[in-house]
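Asks: final-v8.cif (mmCIF, C-alpha atoms and all ligand atoms) pasted underneath:
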```cif
data_final
loop_
_atom_site.group_PDB
_atom_site.id
_atom_site.type_symbol
_atom_site.label_atom_id
_atom_site.label_comp_id
_atom_site.auth_asym_id
_atom_site.auth_seq_id
_atom_site.Cartn_x
_atom_site.Cartn_y
_atom_site.Cartn_z
ATOM 1 C CA MET A 91 6.787 -74.772 16.488
ATOM 2 C CA SER A 92 7.064 -74.470 12.711
ATOM 3 C CA LEU A 93 7.559 -71.016 11.241
ATOM 4 C CA ARG A 94 5.578 -69.863 8.208
ATOM 5 C CA TYR A 95 6.518 -66.898 6.064
ATOM 6 C CA LEU A 96 4.172 -64.740 4.022
ATOM 7 C CA GLY A 97 5.045 -63.754 0.474
ATOM 8 C CA SER A 98 4.796 -60.063 -0.357
ATOM 9 C CA ARG A 99 1.661 -60.482 -2.482
ATOM 10 C CA ILE A 100 -0.310 -62.228 0.269
ATOM 11 C CA ALA A 101 0.938 -59.745 2.866
ATOM 12 C CA GLN A 102 -0.251 -56.857 0.694
ATOM 13 C CA GLN A 103 -3.647 -58.527 0.242
ATOM 14 C CA ILE A 104 -4.024 -58.981 3.994
ATOM 15 C CA ASP A 105 -3.209 -55.311 4.567
ATOM 16 C CA GLU A 106 -5.697 -54.222 1.906
ATOM 17 C CA GLU A 107 -8.428 -56.360 3.477
ATOM 18 C CA LEU A 108 -7.679 -55.103 6.970
ATOM 19 C CA MET A 109 -7.781 -51.463 5.853
ATOM 20 C CA GLY A 110 -10.772 -51.898 3.535
ATOM 21 C CA SER A 111 -14.410 -51.329 4.393
ATOM 22 C CA VAL A 112 -14.770 -54.829 5.866
ATOM 23 C CA GLY A 113 -11.699 -54.788 8.131
ATOM 24 C CA ALA A 114 -12.056 -51.077 8.971
ATOM 25 C CA PHE A 115 -8.603 -50.760 10.554
ATOM 26 C CA SER A 116 -6.571 -47.564 10.119
ATOM 27 C CA LEU A 117 -2.907 -47.460 9.088
ATOM 28 C CA ASP A 118 -1.944 -46.044 12.507
ATOM 29 C CA GLN A 119 -3.568 -48.993 14.245
ATOM 30 C CA LEU A 120 -1.880 -51.617 12.062
ATOM 31 C CA MET A 121 1.491 -49.938 12.368
ATOM 32 C CA GLU A 122 1.194 -49.749 16.138
ATOM 33 C CA LEU A 123 0.308 -53.448 16.323
ATOM 34 C CA ALA A 124 3.117 -54.433 13.916
ATOM 35 C CA GLY A 125 5.741 -52.432 15.817
ATOM 36 C CA LEU A 126 4.558 -53.667 19.201
ATOM 37 C CA ALA A 127 4.602 -57.280 17.963
ATOM 38 C CA CYS A 128 8.190 -56.831 16.711
ATOM 39 C CA ALA A 129 9.302 -55.365 20.036
ATOM 40 C CA GLN A 130 7.625 -58.208 21.933
ATOM 41 C CA ALA A 131 9.171 -60.847 19.640
ATOM 42 C CA LEU A 132 12.617 -59.329 20.102
ATOM 43 C CA ALA A 133 12.155 -59.183 23.872
ATOM 44 C CA SER A 134 11.089 -62.822 24.007
ATOM 45 C CA VAL A 135 14.315 -63.950 22.291
ATOM 46 C CA TYR A 136 16.856 -61.317 23.382
ATOM 47 C CA GLY A 137 16.248 -60.549 27.043
ATOM 48 C CA GLN A 138 16.780 -56.947 28.092
ATOM 49 C CA GLU A 139 19.347 -57.729 30.783
ATOM 50 C CA LYS A 140 21.686 -59.581 28.435
ATOM 51 C CA TYR A 141 20.968 -57.638 25.211
ATOM 52 C CA PRO A 142 20.066 -54.063 26.244
ATOM 53 C CA ARG A 143 21.409 -52.141 23.224
ATOM 54 C CA VAL A 144 19.208 -52.473 20.136
ATOM 55 C CA LEU A 145 20.014 -50.778 16.846
ATOM 56 C CA VAL A 146 16.715 -50.203 15.014
ATOM 57 C CA CYS A 147 17.349 -49.633 11.300
ATOM 58 C CA CYS A 148 14.400 -47.833 9.684
ATOM 59 C CA GLY A 149 13.745 -47.487 5.955
ATOM 60 C CA PRO A 150 11.727 -44.683 4.337
ATOM 61 C CA GLY A 151 8.367 -46.489 4.037
ATOM 62 C CA ASN A 152 5.802 -47.996 6.377
ATOM 63 C CA GLN A 153 8.234 -50.749 7.318
ATOM 64 C CA GLY A 154 10.460 -48.001 8.716
ATOM 65 C CA GLY A 155 7.407 -46.673 10.550
ATOM 66 C CA ASP A 156 6.957 -50.117 12.133
ATOM 67 C CA GLY A 157 10.587 -49.849 13.260
ATOM 68 C CA LEU A 158 9.979 -46.476 14.921
ATOM 69 C CA VAL A 159 6.998 -47.923 16.797
ATOM 70 C CA ALA A 160 9.142 -50.896 17.857
ATOM 71 C CA ALA A 161 11.916 -48.559 19.056
ATOM 72 C CA ARG A 162 9.427 -46.673 21.236
ATOM 73 C CA HIS A 163 8.091 -49.875 22.809
ATOM 74 C CA LEU A 164 11.594 -51.268 23.323
ATOM 75 C CA GLY A 165 12.445 -48.052 25.166
ATOM 76 C CA MET A 166 9.416 -48.580 27.369
ATOM 77 C CA PHE A 167 10.445 -52.200 27.994
ATOM 78 C CA GLY A 168 13.767 -50.932 29.400
ATOM 79 C CA TYR A 169 16.031 -51.451 26.369
ATOM 80 C CA LYS A 170 18.356 -48.749 25.060
ATOM 81 C CA PRO A 171 17.285 -48.433 21.408
ATOM 82 C CA THR A 172 19.232 -46.382 18.863
ATOM 83 C CA ILE A 173 17.558 -45.477 15.570
ATOM 84 C CA TYR A 174 19.413 -45.515 12.271
ATOM 85 C CA MET A 175 17.563 -43.848 9.390
ATOM 86 C CA PRO A 176 19.627 -43.730 6.181
ATOM 87 C CA LYS A 177 16.716 -42.042 4.365
ATOM 88 C CA PRO A 178 13.955 -40.672 6.635
ATOM 89 C CA GLY A 179 10.377 -41.093 5.420
ATOM 90 C CA SER A 180 8.414 -38.054 4.274
ATOM 91 C CA LYS A 181 4.885 -39.126 5.283
ATOM 92 C CA ASP A 182 3.166 -37.323 8.153
ATOM 93 C CA ILE A 183 2.724 -40.572 10.107
ATOM 94 C CA TYR A 184 6.464 -41.267 9.872
ATOM 95 C CA LYS A 185 7.323 -37.779 11.147
ATOM 96 C CA ARG A 186 4.909 -38.134 14.063
ATOM 97 C CA LEU A 187 6.353 -41.519 15.030
ATOM 98 C CA LYS A 188 9.838 -40.015 14.928
ATOM 99 C CA THR A 189 8.735 -37.118 17.166
ATOM 100 C CA GLN A 190 7.372 -39.673 19.659
ATOM 101 C CA CYS A 191 10.800 -41.342 19.752
ATOM 102 C CA ASP A 192 12.529 -37.959 20.128
ATOM 103 C CA ASN A 193 10.219 -37.189 23.045
ATOM 104 C CA MET A 194 11.533 -40.334 24.734
ATOM 105 C CA ASP A 195 15.140 -39.181 24.111
ATOM 106 C CA ILE A 196 15.830 -42.180 21.874
ATOM 107 C CA GLU A 197 19.133 -41.534 20.145
ATOM 108 C CA THR A 198 19.104 -41.252 16.335
ATOM 109 C CA ILE A 199 22.011 -41.583 13.951
ATOM 110 C CA PRO A 200 21.214 -38.916 11.339
ATOM 111 C CA PRO A 201 21.473 -39.689 7.613
ATOM 112 C CA SER A 202 24.957 -38.970 6.352
ATOM 113 C CA SER A 203 27.355 -40.023 3.630
ATOM 114 C CA ASP A 204 29.811 -40.756 6.445
ATOM 115 C CA LEU A 205 29.164 -44.379 7.459
ATOM 116 C CA GLU A 206 31.440 -44.260 10.507
ATOM 117 C CA PRO A 207 28.690 -43.454 13.068
ATOM 118 C CA PHE A 208 26.639 -46.354 11.679
ATOM 119 C CA ARG A 209 29.630 -48.721 11.849
ATOM 120 C CA ALA A 210 30.302 -47.652 15.425
ATOM 121 C CA ALA A 211 26.646 -48.225 16.323
ATOM 122 C CA LEU A 212 26.760 -51.727 14.790
ATOM 123 C CA LYS A 213 29.800 -52.574 16.895
ATOM 124 C CA SER A 214 28.257 -51.302 20.105
ATOM 125 C CA SER A 215 24.833 -52.953 19.640
ATOM 126 C CA ASP A 216 23.719 -56.265 21.078
ATOM 127 C CA VAL A 217 20.852 -56.787 18.630
ATOM 128 C CA ILE A 218 19.929 -55.306 15.228
ATOM 129 C CA LEU A 219 16.261 -54.841 14.365
ATOM 130 C CA ASP A 220 15.922 -54.652 10.585
ATOM 131 C CA ALA A 221 12.991 -52.441 9.513
ATOM 132 C CA ILE A 222 14.548 -51.173 6.295
ATOM 133 C CA PHE A 223 12.167 -52.644 3.682
ATOM 134 C CA GLY A 224 8.873 -54.488 3.661
ATOM 135 C CA PHE A 225 6.629 -55.730 0.899
ATOM 136 C CA SER A 226 7.100 -52.709 -1.381
ATOM 137 C CA PHE A 227 10.793 -53.395 -1.935
ATOM 138 C CA GLN A 228 11.359 -54.016 -5.648
ATOM 139 C CA GLY A 229 14.244 -54.602 -8.002
ATOM 140 C CA PRO A 230 17.919 -54.075 -7.226
ATOM 141 C CA LEU A 231 18.847 -52.000 -4.195
ATOM 142 C CA THR A 232 19.379 -48.397 -5.255
ATOM 143 C CA SER A 233 19.667 -45.458 -2.872
ATOM 144 C CA LEU A 234 19.911 -47.349 0.423
ATOM 145 C CA ARG A 235 23.139 -49.172 -0.209
ATOM 146 C CA ASP A 236 23.935 -49.326 3.504
ATOM 147 C CA GLY A 237 20.990 -51.721 3.878
ATOM 148 C CA THR A 238 23.032 -54.591 2.469
ATOM 149 C CA SER A 239 25.880 -54.106 4.876
ATOM 150 C CA ILE A 240 23.534 -54.370 7.850
ATOM 151 C CA LYS A 241 23.095 -58.087 7.337
ATOM 152 C CA GLU A 242 26.763 -58.658 6.592
ATOM 153 C CA ARG A 243 27.980 -56.845 9.648
ATOM 154 C CA SER A 244 25.403 -57.678 12.257
ATOM 155 C CA ARG A 245 26.208 -60.187 14.937
ATOM 156 C CA LYS A 246 22.566 -60.761 15.687
ATOM 157 C CA LEU A 247 19.824 -59.752 13.322
ATOM 158 C CA ALA A 248 16.203 -59.694 14.388
ATOM 159 C CA SER A 249 14.266 -59.166 11.192
ATOM 160 C CA SER A 250 10.984 -57.467 11.938
ATOM 161 C CA LEU A 251 9.102 -59.034 9.044
ATOM 162 C CA THR A 252 10.513 -61.220 6.329
ATOM 163 C CA PHE A 253 8.877 -61.336 2.948
ATOM 164 C CA SER A 254 10.185 -63.511 0.162
HETATM 165 N N1 LIG B 301 -0.972 -51.123 4.931
HETATM 166 C C1 LIG B 301 0.265 -50.874 5.098
HETATM 167 O O1 LIG B 301 0.859 -50.321 4.194
HETATM 168 C C2 LIG B 301 0.937 -51.318 6.342
HETATM 169 C C3 LIG B 301 2.232 -51.675 6.200
HETATM 170 N N2 LIG B 301 2.961 -52.105 7.202
HETATM 171 C C4 LIG B 301 4.333 -52.444 6.898
HETATM 172 O O2 LIG B 301 4.849 -51.627 5.887
HETATM 173 C C5 LIG B 301 5.431 -52.395 4.854
HETATM 174 C C6 LIG B 301 5.120 -51.809 3.521
HETATM 175 O O3 LIG B 301 5.304 -50.421 3.581
HETATM 176 P P1 LIG B 301 5.520 -49.531 2.278
HETATM 177 O O4 LIG B 301 4.532 -49.910 1.233
HETATM 178 O O5 LIG B 301 5.574 -48.121 2.699
HETATM 179 O O6 LIG B 301 6.915 -49.953 1.721
HETATM 180 P P2 LIG B 301 8.313 -50.403 2.328
HETATM 181 O O7 LIG B 301 8.457 -49.918 3.713
HETATM 182 O O8 LIG B 301 8.469 -51.837 2.044
HETATM 183 O O9 LIG B 301 9.344 -49.619 1.394
HETATM 184 C C7 LIG B 301 8.987 -48.560 0.545
HETATM 185 C C8 LIG B 301 10.185 -47.650 0.353
HETATM 186 O O10 LIG B 301 11.279 -48.412 -0.134
HETATM 187 C C9 LIG B 301 11.803 -47.762 -1.281
HETATM 188 N N3 LIG B 301 12.323 -48.808 -2.171
HETATM 189 C C10 LIG B 301 11.627 -49.801 -2.777
HETATM 190 N N4 LIG B 301 12.467 -50.561 -3.521
HETATM 191 C C11 LIG B 301 13.711 -50.018 -3.395
HETATM 192 C C12 LIG B 301 14.976 -50.334 -3.930
HETATM 193 N N5 LIG B 301 15.152 -51.348 -4.778
HETATM 194 N N6 LIG B 301 16.042 -49.585 -3.571
HETATM 195 C C13 LIG B 301 15.895 -48.541 -2.721
HETATM 196 N N7 LIG B 301 14.712 -48.165 -2.183
HETATM 197 C C14 LIG B 301 13.618 -48.908 -2.524
HETATM 198 C C15 LIG B 301 10.643 -46.986 -1.872
HETATM 199 O O11 LIG B 301 11.123 -45.897 -2.631
HETATM 200 C C16 LIG B 301 9.919 -46.520 -0.621
HETATM 201 O O12 LIG B 301 10.502 -45.336 -0.106
HETATM 202 C C17 LIG B 301 4.898 -53.780 5.009
HETATM 203 O O13 LIG B 301 5.905 -54.709 4.743
HETATM 204 C C18 LIG B 301 4.443 -53.858 6.440
HETATM 205 O O14 LIG B 301 5.399 -54.491 7.198
HETATM 206 C C19 LIG B 301 2.506 -52.051 8.568
HETATM 207 O O15 LIG B 301 2.969 -50.850 9.087
HETATM 208 C C20 LIG B 301 1.037 -52.117 8.710
HETATM 209 C C21 LIG B 301 0.252 -51.377 7.668
#
```
Starting from the coordinates I provided, produce the structure as structure tokens.
Ligand SMILES: NC(=O)C1=CN([C@@H]2O[C@H](COP(=O)(O)OP(=O)(O)OC[C@H]3O[C@@H](n4cnc5c(N)ncnc54)[C@H](O)[C@@H]3O)[C@@H](O)[C@H]2O)[C@@H](O)CC1

Replies:
Amino acid sequence: MSLRYLGSRIAQQIDEELMGSVGAFSLDQLMELAGLACAQALASVYGQEKYPRVLVCCGPGNQGGDGLVAARHLGMFGYKPTIYMPKPGSKDIYKRLKTQCDNMDIETIPPSSDLEPFRAALKSSDVILDAIFGFSFQGPLTSLRDGTSIKERSRKLASSLTFS
């Protein structure tokens, strides 16, 4: 099966159409579907028995929200997800998704200038789910410097969505 990638402009257009008056989807719905699809894709490649420990790295935007949804579904699939949030999102939807994960006792590495807990989590994870940035990422990386090291250090990286 050949794999096709969407550029950020097309992805944004699709989202706008889906959430416009014609598509009539809500952000919650799309985020739930995106996160569920990521969890299902990960599960189809990295089986839970062999790769139970998933480090879900969540950025501050909607892509991070997708990651929180994925973490919740992975927990329900029987994985042991751990959430890493270098810069938690401020939107209400993000906070609600985080509360849902907390309610499932999903462990979270809190934001800190000390990178040791993150390094330890990388070492003890079987799979990394990258939900740091989506189509709104622009320019050189600024405040989330740790994001670069995720790719360098990960043994297995399951990128939730890749936009060129
Ligand atoms: N309509 C939507 O917005 C939906 C979006 N979804 C997902 O959300 C993604 C887009 O979400 P957002 O628009 O919230 O944006 P992102 O999640 O891509 O990232 C936005 C955040 O990244 C920060 N950022 C951008 N460039 C940076 C840089 N160079 N250095 C450091 N920080 C930087 C911004 O300050 C902002 O906090 C999509 O890729 C898609 O996967 C899905 O949840 C479905 C619905």

Asks: Considering all atoms listed in the file, state which residue in the set A:Val217, A:Ile222, A:Leu212, A:Leu145 is at the smallest distance from ligand LIG 301 (chain B).

Replies: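 Ranking A:Val217, A:Ile222, A:Leu212, A:Leu145 by distance to ligand LIG 301 (chain B), first place goes to A:Ile222.
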
Asks: Around stretch 132-136 of chain A, with edges along x, y and z and 6 Å added on all six sides, what centre and edge lengths do you get, in Å to one decimal, as JSON?

Replies:
```
{"center_x": 14.0, "center_y": -61.6, "center_z": 22.1, "size_x": 17.8, "size_y": 16.8, "size_z": 15.9}
```

Asks: Let me make sure I understand: among A:Leu108, A:Leu120, A:Ala221, A:Ala133, which one has the smallest atom-to-atom distance to ligand LIG 301 (chain B) if we use all atoms listed in the file?

Replies: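 For ligand LIG 301 (chain B), the nearest of the candidates is A:Leu120.
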
Asks: Which residue, A:Tyr95, A:Tyr141, A:Phe223, A:Tyr169, has the smallest gap to ligand LIG 301 (chain B) when you use all atoms listed in the file?

Replies: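 The answer is A:Phe223, which sits nearest to ligand LIG 301 (chain B).
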
Asks: Around ligand LIG 301 (chain B), which protein and nucleic acid residues have at least one atom no more than 9 Å from it, if we count only C-alpha atoms and all ligand atoms? List them as a PyMOL selection string.

Replies: chain A and resi 98+101-102+104-106+108-109+116-125+148-157+177-180+221-235+237+250-253

Asks: Restricting the output to C-alpha atoms, write the selected residues as a PDB file, keeping the file's coordinate frame.

Replies:
```pdb
ATOM      1  CA  SER A  98       4.796 -60.063  -0.357  1.00  0.00           C
ATOM      2  CA  ALA A 101       0.938 -59.745   2.866  1.00  0.00           C
ATOM      3  CA  GLN A 102      -0.251 -56.857   0.694  1.00  0.00           C
ATOM      4  CA  ILE A 104      -4.024 -58.981   3.994  1.00  0.00           C
ATOM      5  CA  ASP A 105      -3.209 -55.311   4.567  1.00  0.00           C
ATOM      6  CA  GLU A 106      -5.697 -54.222   1.906  1.00  0.00           C
ATOM      7  CA  LEU A 108      -7.679 -55.103   6.970  1.00  0.00           C
ATOM      8  CA  MET A 109      -7.781 -51.463   5.853  1.00  0.00           C
ATOM      9  CA  SER A 116      -6.571 -47.564  10.119  1.00  0.00           C
ATOM     10  CA  LEU A 117      -2.907 -47.460   9.088  1.00  0.00           C
ATOM     11  CA  ASP A 118      -1.944 -46.044  12.507  1.00  0.00           C
ATOM     12  CA  GLN A 119      -3.568 -48.993  14.245  1.00  0.00           C
ATOM     13  CA  LEU A 120      -1.880 -51.617  12.062  1.00  0.00           C
ATOM     14  CA  MET A 121       1.491 -49.938  12.368  1.00  0.00           C
ATOM     15  CA  GLU A 122       1.194 -49.749  16.138  1.00  0.00           C
ATOM     16  CA  LEU A 123       0.308 -53.448  16.323  1.00  0.00           C
ATOM     17  CA  ALA A 124       3.117 -54.433  13.916  1.00  0.00           C
ATOM     18  CA  GLY A 125       5.741 -52.432  15.817  1.00  0.00           C
ATOM     19  CA  CYS A 148      14.400 -47.833   9.684  1.00  0.00           C
ATOM     20  CA  GLY A 149      13.745 -47.487   5.955  1.00  0.00           C
ATOM     21  CA  PRO A 150      11.727 -44.683   4.337  1.00  0.00           C
ATOM     22  CA  GLY A 151       8.367 -46.489   4.037  1.00  0.00           C
ATOM     23  CA  ASN A 152       5.802 -47.996   6.377  1.00  0.00           C
ATOM     24  CA  GLN A 153       8.234 -50.749   7.318  1.00  0.00           C
ATOM     25  CA  GLY A 154      10.460 -48.001   8.716  1.00  0.00           C
ATOM     26  CA  GLY A 155       7.407 -46.673  10.550  1.00  0.00           C
ATOM     27  CA  ASP A 156       6.957 -50.117  12.133  1.00  0.00           C
ATOM     28  CA  GLY A 157      10.587 -49.849  13.260  1.00  0.00           C
ATOM     29  CA  LYS A 177      16.716 -42.042   4.365  1.00  0.00           C
ATOM     30  CA  PRO A 178      13.955 -40.672   6.635  1.00  0.00           C
ATOM     31  CA  GLY A 179      10.377 -41.093   5.420  1.00  0.00           C
ATOM     32  CA  SER A 180       8.414 -38.054   4.274  1.00  0.00           C
ATOM     33  CA  ALA A 221      12.991 -52.441   9.513  1.00  0.00           C
ATOM     34  CA  ILE A 222      14.548 -51.173   6.295  1.00  0.00           C
ATOM     35  CA  PHE A 223      12.167 -52.644   3.682  1.00  0.00           C
ATOM     36  CA  GLY A 224       8.873 -54.488   3.661  1.00  0.00           C
ATOM     37  CA  PHE A 225       6.629 -55.730   0.899  1.00  0.00           C
ATOM     38  CA  SER A 226       7.100 -52.709  -1.381  1.00  0.00           C
ATOM     39  CA  PHE A 227      10.793 -53.395  -1.935  1.00  0.00           C
ATOM     40  CA  GLN A 228      11.359 -54.016  -5.648  1.00  0.00           C
ATOM     41  CA  GLY A 229      14.244 -54.602  -8.002  1.00  0.00           C
ATOM     42  CA  PRO A 230      17.919 -54.075  -7.226  1.00  0.00           C
ATOM     43  CA  LEU A 231      18.847 -52.000  -4.195  1.00  0.00           C
ATOM     44  CA  THR A 232      19.379 -48.397  -5.255  1.00  0.00           C
ATOM     45  CA  SER A 233      19.667 -45.458  -2.872  1.00  0.00           C
ATOM     46  CA  LEU A 234      19.911 -47.349   0.423  1.00  0.00           C
ATOM     47  CA  ARG A 235      23.139 -49.172  -0.209  1.00  0.00           C
ATOM     48  CA  GLY A 237      20.990 -51.721   3.878  1.00  0.00           C
ATOM     49  CA  SER A 250      10.984 -57.467  11.938  1.00  0.00           C
ATOM     50  CA  LEU A 251       9.102 -59.034   9.044  1.00  0.00           C
ATOM     51  CA  THR A 252      10.513 -61.220   6.329  1.00  0.00           C
ATOM     52  CA  PHE A 253       8.877 -61.336   2.948  1.00  0.00           C
TER      53      PHE A 253
END
```

Asks: Which distance in Å separates atom CA of A:Leu164 and atom CA of A:Asp204, to one decimal?

Replies: 27.0 Å

Asks: Tell me which protein, DNA and RNA residues are within 10 Å of A:Lys170, counting only C-alpha atoms, leaving out same-chain ones fewer than 2 positions away, and put them as a list in words.

Replies: Gln138, Tyr141, Pro142, Arg143, Val144, Leu145, Ala161, Arg162, Leu164, Gly165, Met166, Phe167, Gly168, Thr172, Ile196, Glu197 and Ser215 of chain A

Asks: How far is it from atom CA of A:Leu158 to atom CA of A:Ala131, in Å with one decimal?

Replies: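 Answer for the atom CA of A:Leu158 to atom CA of A:Ala131 separation: 15.1 Å.
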
Asks: Compare A:Cys147, A:Leu96, A:Leu132, A:Met194 by their minimum atom-to-atom distance to A:Phe208, counting only C-alpha atoms, and give me the closest one.

Replies: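 When distances to A:Phe208 are compared using only C-alpha atoms, the smallest one comes from A:Cys147.
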
Asks: Which one of A:Asp182, A:Ser134, A:Leu126, A:Gln190 sits closest to A:His163 if you count all atoms listed in the file?

Replies: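 Using all atoms listed in the file, A:His163 sits closest to A:Leu126.
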
Asks: Using all atoms listed in the file, which of the listed residues (A:Tyr136, A:Asp195, A:Ser202, A:Arg99) sits closest to A:Asp216?

Replies: A:Tyr136

Asks: Expressed in Å to a single decimal, how great is the separation between atom CA of A:Met175 and atom CA of A:Thr198?

Replies: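 It comes out at 7.6 Å.
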